[in-house]
file entry.pdb (PDB, C-alpha atoms)
MODEL        1
ATOM      1  CA  MET F   8      70.402 185.673 162.610  1.00  0.00           C
ATOM      2  CA  LYS F   9      71.083 187.883 165.595  1.00  0.00           C
ATOM      3  CA  TYR F  10      74.558 188.961 166.476  1.00  0.00           C
ATOM      4  CA  ALA F  11      76.480 190.405 169.378  1.00  0.00           C
ATOM      5  CA  LEU F  12      78.880 193.204 168.420  1.00  0.00           C
ATOM      6  CA  VAL F  13      81.898 193.747 170.680  1.00  0.00           C
ATOM      7  CA  THR F  14      84.256 196.698 170.305  1.00  0.00           C
ATOM      8  CA  GLY F  15      87.744 196.444 171.740  1.00  0.00           C
ATOM      9  CA  ALA F  16      87.543 192.687 171.187  1.00  0.00           C
ATOM     10  CA  SER F  17      91.234 191.994 170.574  1.00  0.00           C
ATOM     11  CA  SER F  18      92.193 191.791 174.264  1.00  0.00           C
ATOM     12  CA  GLY F  19      91.107 192.170 177.863  1.00  0.00           C
ATOM     13  CA  ILE F  20      87.449 192.438 178.795  1.00  0.00           C
ATOM     14  CA  GLY F  21      86.280 192.622 175.175  1.00  0.00           C
ATOM     15  CA  LYS F  22      88.044 189.409 174.252  1.00  0.00           C
ATOM     16  CA  GLU F  23      86.633 187.625 177.298  1.00  0.00           C
ATOM     17  CA  MET F  24      83.129 188.831 176.476  1.00  0.00           C
ATOM     18  CA  ALA F  25      83.481 187.491 172.943  1.00  0.00           C
ATOM     19  CA  TYR F  26      84.296 184.035 174.295  1.00  0.00           C
ATOM     20  CA  LEU F  27      81.436 184.136 176.796  1.00  0.00           C
ATOM     21  CA  LEU F  28      78.962 185.137 174.087  1.00  0.00           C
ATOM     22  CA  ALA F  29      80.249 182.453 171.722  1.00  0.00           C
ATOM     23  CA  GLU F  30      79.840 179.865 174.469  1.00  0.00           C
ATOM     24  CA  GLU F  31      76.184 180.955 174.632  1.00  0.00           C
ATOM     25  CA  LYS F  32      76.002 180.432 170.828  1.00  0.00           C
ATOM     26  CA  TYR F  33      75.817 184.084 169.785  1.00  0.00           C
ATOM     27  CA  ASP F  34      77.175 184.926 166.357  1.00  0.00           C
ATOM     28  CA  LEU F  35      79.711 187.718 166.668  1.00  0.00           C
ATOM     29  CA  ILE F  36      81.089 190.862 165.120  1.00  0.00           C
ATOM     30  CA  LEU F  37      84.479 191.569 166.666  1.00  0.00           C
ATOM     31  CA  VAL F  38      85.859 195.072 166.265  1.00  0.00           C
ATOM     32  CA  ALA F  39      89.307 196.447 167.090  1.00  0.00           C
ATOM     33  CA  ARG F  40      92.320 197.889 165.310  1.00  0.00           C
ATOM     34  CA  ARG F  41      94.547 194.818 165.533  1.00  0.00           C
ATOM     35  CA  GLU F  42      93.425 192.578 162.696  1.00  0.00           C
ATOM     36  CA  LYS F  43      95.918 189.777 163.335  1.00  0.00           C
ATOM     37  CA  LEU F  44      94.723 189.319 166.921  1.00  0.00           C
ATOM     38  CA  LEU F  45      91.081 189.519 165.864  1.00  0.00           C
ATOM     39  CA  ASN F  46      91.633 186.830 163.215  1.00  0.00           C
ATOM     40  CA  GLU F  47      93.311 184.551 165.767  1.00  0.00           C
ATOM     41  CA  ILE F  48      90.416 185.035 168.181  1.00  0.00           C
ATOM     42  CA  ARG F  49      87.886 184.447 165.390  1.00  0.00           C
ATOM     43  CA  ASP F  50      89.570 181.204 164.320  1.00  0.00           C
ATOM     44  CA  ASP F  51      89.721 179.941 167.897  1.00  0.00           C
ATOM     45  CA  ILE F  52      86.077 180.819 168.607  1.00  0.00           C
ATOM     46  CA  VAL F  53      84.856 179.233 165.362  1.00  0.00           C
ATOM     47  CA  ASN F  54      86.804 176.045 166.136  1.00  0.00           C
ATOM     48  CA  LYS F  55      85.559 175.862 169.733  1.00  0.00           C
ATOM     49  CA  TYR F  56      81.954 177.001 169.382  1.00  0.00           C
ATOM     50  CA  GLY F  57      81.001 176.821 165.690  1.00  0.00           C
ATOM     51  CA  VAL F  58      79.427 180.282 165.587  1.00  0.00           C
ATOM     52  CA  ASP F  59      79.646 182.819 162.775  1.00  0.00           C
ATOM     53  CA  VAL F  60      82.272 185.492 163.457  1.00  0.00           C
ATOM     54  CA  HIS F  61      82.921 188.662 161.465  1.00  0.00           C
ATOM     55  CA  VAL F  62      86.120 190.631 162.042  1.00  0.00           C
ATOM     56  CA  LEU F  63      86.315 194.385 161.502  1.00  0.00           C
ATOM     57  CA  SER F  64      89.734 195.946 161.824  1.00  0.00           C
ATOM     58  CA  ILE F  65      88.643 199.534 162.427  1.00  0.00           C
ATOM     59  CA  ASP F  66      89.655 202.355 164.723  1.00  0.00           C
ATOM     60  CA  VAL F  67      86.292 202.683 166.466  1.00  0.00           C
ATOM     61  CA  SER F  68      86.806 206.399 167.163  1.00  0.00           C
ATOM     62  CA  LEU F  69      87.081 207.108 163.441  1.00  0.00           C
ATOM     63  CA  GLY F  70      84.894 204.378 161.993  1.00  0.00           C
ATOM     64  CA  TYR F  71      81.871 203.844 164.184  1.00  0.00           C
ATOM     65  CA  LYS F  72      79.574 204.769 161.288  1.00  0.00           C
ATOM     66  CA  ASP F  73      81.440 202.277 159.089  1.00  0.00           C
ATOM     67  CA  ILE F  74      80.724 199.562 161.661  1.00  0.00           C
ATOM     68  CA  TYR F  75      77.021 200.307 161.444  1.00  0.00           C
ATOM     69  CA  ASP F  76      77.097 200.448 157.636  1.00  0.00           C
ATOM     70  CA  TYR F  77      78.886 197.083 157.525  1.00  0.00           C
ATOM     71  CA  CYS F  78      76.056 195.499 159.487  1.00  0.00           C
ATOM     72  CA  ILE F  79      73.265 197.192 157.538  1.00  0.00           C
ATOM     73  CA  ASN F  80      74.788 196.307 154.157  1.00  0.00           C
ATOM     74  CA  ARG F  81      74.962 192.630 155.181  1.00  0.00           C
ATOM     75  CA  LYS F  82      71.534 192.621 156.837  1.00  0.00           C
ATOM     76  CA  ILE F  83      73.136 191.732 160.153  1.00  0.00           C
ATOM     77  CA  VAL F  84      70.820 192.333 163.105  1.00  0.00           C
ATOM     78  CA  VAL F  85      72.800 193.393 166.152  1.00  0.00           C
ATOM     79  CA  ASP F  86      70.895 192.155 169.186  1.00  0.00           C
ATOM     80  CA  ILE F  87      73.641 192.917 171.714  1.00  0.00           C
ATOM     81  CA  LEU F  88      75.972 195.901 171.457  1.00  0.00           C
ATOM     82  CA  ILE F  89      78.955 195.907 173.798  1.00  0.00           C
ATOM     83  CA  ASN F  90      80.819 199.204 173.772  1.00  0.00           C
ATOM     84  CA  ASN F  91      84.086 198.112 175.318  1.00  0.00           C
ATOM     85  CA  ALA F  92      86.742 199.944 173.274  1.00  0.00           C
ATOM     86  CA  GLY F  93      88.548 202.602 175.265  1.00  0.00           C
ATOM     87  CA  PHE F  94      91.875 203.670 176.664  1.00  0.00           C
ATOM     88  CA  GLY F  95      93.380 205.698 179.463  1.00  0.00           C
ATOM     89  CA  TYR F  96      96.414 207.875 180.006  1.00  0.00           C
ATOM     90  CA  TYR F  97      98.449 208.244 183.187  1.00  0.00           C
ATOM     91  CA  GLY F  98     100.349 211.474 183.790  1.00  0.00           C
ATOM     92  CA  LYS F  99      99.994 215.060 184.890  1.00  0.00           C
ATOM     93  CA  CYS F 100      96.919 216.411 183.178  1.00  0.00           C
ATOM     94  CA  LEU F 101      98.403 219.700 181.999  1.00  0.00           C
ATOM     95  CA  GLU F 102     101.610 218.093 180.747  1.00  0.00           C
ATOM     96  CA  ALA F 103      99.935 215.608 178.405  1.00  0.00           C
ATOM     97  CA  ASP F 104      99.673 216.163 174.688  1.00  0.00           C
ATOM     98  CA  GLU F 105      96.170 217.549 174.136  1.00  0.00           C
ATOM     99  CA  LYS F 106      95.821 215.208 171.135  1.00  0.00           C
ATOM    100  CA  VAL F 107      95.878 212.218 173.530  1.00  0.00           C
ATOM    101  CA  TYR F 108      92.857 213.605 175.355  1.00  0.00           C
ATOM    102  CA  GLU F 109      91.068 214.409 172.118  1.00  0.00           C
ATOM    103  CA  LEU F 110      91.557 210.819 170.946  1.00  0.00           C
ATOM    104  CA  MET F 111      90.458 209.468 174.325  1.00  0.00           C
ATOM    105  CA  ILE F 112      87.239 211.482 174.361  1.00  0.00           C
ATOM    106  CA  ASP F 113      86.549 210.556 170.723  1.00  0.00           C
ATOM    107  CA  LEU F 114      86.853 206.845 171.530  1.00  0.00           C
ATOM    108  CA  ASN F 115      85.584 206.614 175.102  1.00  0.00           C
ATOM    109  CA  ASN F 116      82.628 208.977 174.605  1.00  0.00           C
ATOM    110  CA  LYS F 117      81.893 210.139 171.062  1.00  0.00           C
ATOM    111  CA  ALA F 118      82.105 206.743 169.346  1.00  0.00           C
ATOM    112  CA  LEU F 119      80.257 205.010 172.193  1.00  0.00           C
ATOM    113  CA  THR F 120      77.433 207.552 171.943  1.00  0.00           C
ATOM    114  CA  GLY F 121      77.358 207.240 168.162  1.00  0.00           C
ATOM    115  CA  LEU F 122      77.111 203.442 168.266  1.00  0.00           C
ATOM    116  CA  CYS F 123      74.329 203.641 170.866  1.00  0.00           C
ATOM    117  CA  GLN F 124      72.448 206.078 168.638  1.00  0.00           C
ATOM    118  CA  LEU F 125      72.796 204.033 165.467  1.00  0.00           C
ATOM    119  CA  PHE F 126      72.165 200.543 166.822  1.00  0.00           C
ATOM    120  CA  GLY F 127      69.806 201.734 169.558  1.00  0.00           C
ATOM    121  CA  LYS F 128      67.333 203.155 167.013  1.00  0.00           C
ATOM    122  CA  ASP F 129      67.171 199.774 165.286  1.00  0.00           C
ATOM    123  CA  MET F 130      66.663 198.006 168.614  1.00  0.00           C
ATOM    124  CA  VAL F 131      63.804 200.367 169.493  1.00  0.00           C
ATOM    125  CA  LYS F 132      62.125 199.633 166.133  1.00  0.00           C
ATOM    126  CA  ARG F 133      62.314 195.894 166.919  1.00  0.00           C
ATOM    127  CA  HIS F 134      61.413 196.393 170.602  1.00  0.00           C
ATOM    128  CA  GLU F 135      64.329 194.179 171.611  1.00  0.00           C
ATOM    129  CA  GLY F 136      68.059 194.243 172.148  1.00  0.00           C
ATOM    130  CA  HIS F 137      70.596 195.143 174.763  1.00  0.00           C
ATOM    131  CA  ILE F 138      73.378 197.692 175.034  1.00  0.00           C
ATOM    132  CA  LEU F 139      76.235 197.184 177.488  1.00  0.00           C
ATOM    133  CA  ASN F 140      78.585 200.132 177.911  1.00  0.00           C
ATOM    134  CA  VAL F 141      81.844 199.452 179.705  1.00  0.00           C
ATOM    135  CA  ALA F 142      82.435 202.257 182.181  1.00  0.00           C
ATOM    136  CA  SER F 143      84.651 201.756 185.222  1.00  0.00           C
ATOM    137  CA  VAL F 144      84.727 202.228 188.965  1.00  0.00           C
ATOM    138  CA  ALA F 145      86.706 205.296 187.891  1.00  0.00           C
ATOM    139  CA  GLY F 146      83.394 206.806 186.803  1.00  0.00           C
ATOM    140  CA  PHE F 147      82.344 207.222 190.427  1.00  0.00           C
ATOM    141  CA  MET F 148      85.191 209.493 191.569  1.00  0.00           C
ATOM    142  CA  PRO F 149      87.870 211.959 190.494  1.00  0.00           C
ATOM    143  CA  GLY F 150      91.221 210.542 189.451  1.00  0.00           C
ATOM    144  CA  PRO F 151      94.387 212.582 189.801  1.00  0.00           C
ATOM    145  CA  TYR F 152      96.925 211.773 187.059  1.00  0.00           C
ATOM    146  CA  MET F 153      94.107 210.145 185.039  1.00  0.00           C
ATOM    147  CA  SER F 154      91.617 213.017 185.230  1.00  0.00           C
ATOM    148  CA  VAL F 155      90.349 212.863 181.663  1.00  0.00           C
ATOM    149  CA  TYR F 156      89.995 209.081 181.736  1.00  0.00           C
ATOM    150  CA  TYR F 157      88.010 209.196 184.989  1.00  0.00           C
ATOM    151  CA  ALA F 158      85.836 211.984 183.583  1.00  0.00           C
ATOM    152  CA  SER F 159      85.260 210.034 180.360  1.00  0.00           C
ATOM    153  CA  LYS F 160      84.090 207.023 182.372  1.00  0.00           C
ATOM    154  CA  ALA F 161      81.804 209.244 184.480  1.00  0.00           C
ATOM    155  CA  PHE F 162      80.253 210.313 181.177  1.00  0.00           C
ATOM    156  CA  VAL F 163      79.817 206.683 180.110  1.00  0.00           C
ATOM    157  CA  LEU F 164      78.186 205.781 183.416  1.00  0.00           C
ATOM    158  CA  ASN F 165      75.789 208.734 183.504  1.00  0.00           C
ATOM    159  CA  TYR F 166      74.940 208.551 179.802  1.00  0.00           C
ATOM    160  CA  THR F 167      74.170 204.851 180.203  1.00  0.00           C
ATOM    161  CA  LEU F 168      71.942 205.392 183.234  1.00  0.00           C
ATOM    162  CA  GLY F 169      69.993 208.091 181.403  1.00  0.00           C
ATOM    163  CA  LEU F 170      69.668 206.018 178.238  1.00  0.00           C
ATOM    164  CA  ARG F 171      68.490 203.067 180.323  1.00  0.00           C
ATOM    165  CA  GLN F 172      65.552 205.081 181.614  1.00  0.00           C
ATOM    166  CA  GLU F 173      64.676 206.352 178.133  1.00  0.00           C
ATOM    167  CA  LEU F 174      64.692 202.896 176.530  1.00  0.00           C
ATOM    168  CA  LYS F 175      63.211 200.863 179.405  1.00  0.00           C
ATOM    169  CA  LYS F 176      59.665 201.042 177.999  1.00  0.00           C
ATOM    170  CA  GLU F 177      60.907 200.408 174.455  1.00  0.00           C
ATOM    171  CA  GLY F 178      61.959 196.815 175.152  1.00  0.00           C
ATOM    172  CA  VAL F 179      65.678 197.638 174.974  1.00  0.00           C
ATOM    173  CA  GLY F 180      67.943 196.886 177.911  1.00  0.00           C
ATOM    174  CA  VAL F 181      70.823 199.209 178.693  1.00  0.00           C
ATOM    175  CA  SER F 182      73.447 198.595 181.352  1.00  0.00           C
ATOM    176  CA  ALA F 183      76.875 199.736 182.436  1.00  0.00           C
ATOM    177  CA  LEU F 184      79.719 197.489 183.492  1.00  0.00           C
ATOM    178  CA  CYS F 185      81.967 199.199 186.029  1.00  0.00           C
ATOM    179  CA  PRO F 186      84.995 196.974 186.551  1.00  0.00           C
ATOM    180  CA  ALA F 187      87.739 197.675 189.014  1.00  0.00           C
ATOM    181  CA  PRO F 188      91.323 197.482 187.718  1.00  0.00           C
ATOM    182  CA  THR F 189      91.761 194.236 185.835  1.00  0.00           C
ATOM    183  CA  ALA F 190      94.771 192.374 184.513  1.00  0.00           C
ATOM    184  CA  SER F 191      94.845 193.436 180.852  1.00  0.00           C
ATOM    185  CA  GLU F 192      96.832 195.457 178.333  1.00  0.00           C
ATOM    186  CA  PHE F 193      95.062 198.609 179.564  1.00  0.00           C
ATOM    187  CA  TRP F 194      97.895 199.439 181.956  1.00  0.00           C
ATOM    188  CA  ASP F 195     100.553 198.959 179.278  1.00  0.00           C
ATOM    189  CA  VAL F 196      98.812 201.568 177.125  1.00  0.00           C
ATOM    190  CA  ALA F 197      97.963 203.981 179.951  1.00  0.00           C
TER     191      ALA F 197
ENDMDL
END
call {"tool": "encode", "arguments": {"input": "entry.pdb", "output": "structure tokens"}}
result
Amino acid sequence: MKYALVTGASSGIGKEMAYLLAEEKYDLILVARREKLLNEIRDDIVNKYGVDVHVLSIDVSLGYKDIYDYCINRKIVVDILINNAGFGYYGKCLEADEKVYELMIDLNNKALTGLCQLFGKDMVKRHEGHILNVASVAGFMPGPYMSVYYASKAFVLNYTLGLRQELKKEGVGVSALCPAPTASEFWDVA
């Protein structure tokens, strides 16, 4: 069986993607920190669409290797990887706690790159699969009061475009989603 793996699946864009994939009869691996929400989404998706759904309550920034190991140990083939997990921070750049920016870069960039590396190698071996990295329109410009977030999304966009060219001839699709501001919990966190 082939699965779609969605990080940041407990709300917002990630949650919506999970439902869209389930509607298309993809089995799913839903990843986020909030286990209760993930279980509710899993139960609803299973009831509506009858697909197989695994729930991983993991902080993606700390456990991206654990996500990969979970799939390998269960012989789960990830055909679609959606790197959606991320967060932003609004405030004066130099007044923010530097730990917030460290966590943001670890999640928005380091974990995303790590998941692309791990699952991407398997996709190349199979000559099939797709990676979707969620960037943002913020990746196209500077963003006062959200400078690190905008820069992290510029990284996601440019990394994705480069990876796309590298994997094009390998049978692996790579794309970036660059949404404008959307109604989600993102703004509550930022």
call {"tool": "closest_residue", "arguments": {"input": "entry.pdb", "among": "F:Ile65, F:Ile74, F:Val141, F:Ile20", "to": "Gly121 (chain F)", "atoms": "all atoms listed in the file"}}
result
F:Ile74
call {"tool": "closest_residue", "arguments": {"input": "entry.pdb", "among": "F:Gly57, F:Gly93, F:Gly136, F:Gly169", "to": "Asp113 (chain F)", "atoms": "only C-alpha atoms"}}
result
F:Gly93
call {"tool": "resolve_selection", "arguments": {"input": "entry.pdb", "expression": "the PyMOL selection byres ((chain F and resi 11) around 12)", "output": "PyMOL selection string"}}
result
chain F and resi 8-10+12-14+16+21+24-29+31-38+58-61+78+83-90+126+136-139
call {"tool": "residues_around", "arguments": {"input": "entry.pdb", "residues": "Val144 (chain F)", "least_positions_apart": "3", "cutoff": "9 Å", "atoms": "all atoms listed in the file", "output": "number ranges by chain"}}
result
F: 147-148, 157, 160-161, 184-188
call {"tool": "closest_residue", "arguments": {"input": "entry.pdb", "among": "F:Lys55, F:Lys176, F:Lys106, F:Arg40", "to": "Leu69 (chain F)", "atoms": "all atoms listed in the file"}}
result
F:Arg40
call {"tool": "residues_near_point", "arguments": {"input": "entry.pdb", "point": "(92.2, 214.5, 173.9)", "cutoff": "12 Å", "atoms": "all atoms listed in the file", "output": "PyMOL selection string"}}
result
chain F and resi 68+94-96+100-101+103-117+154-156+158-159
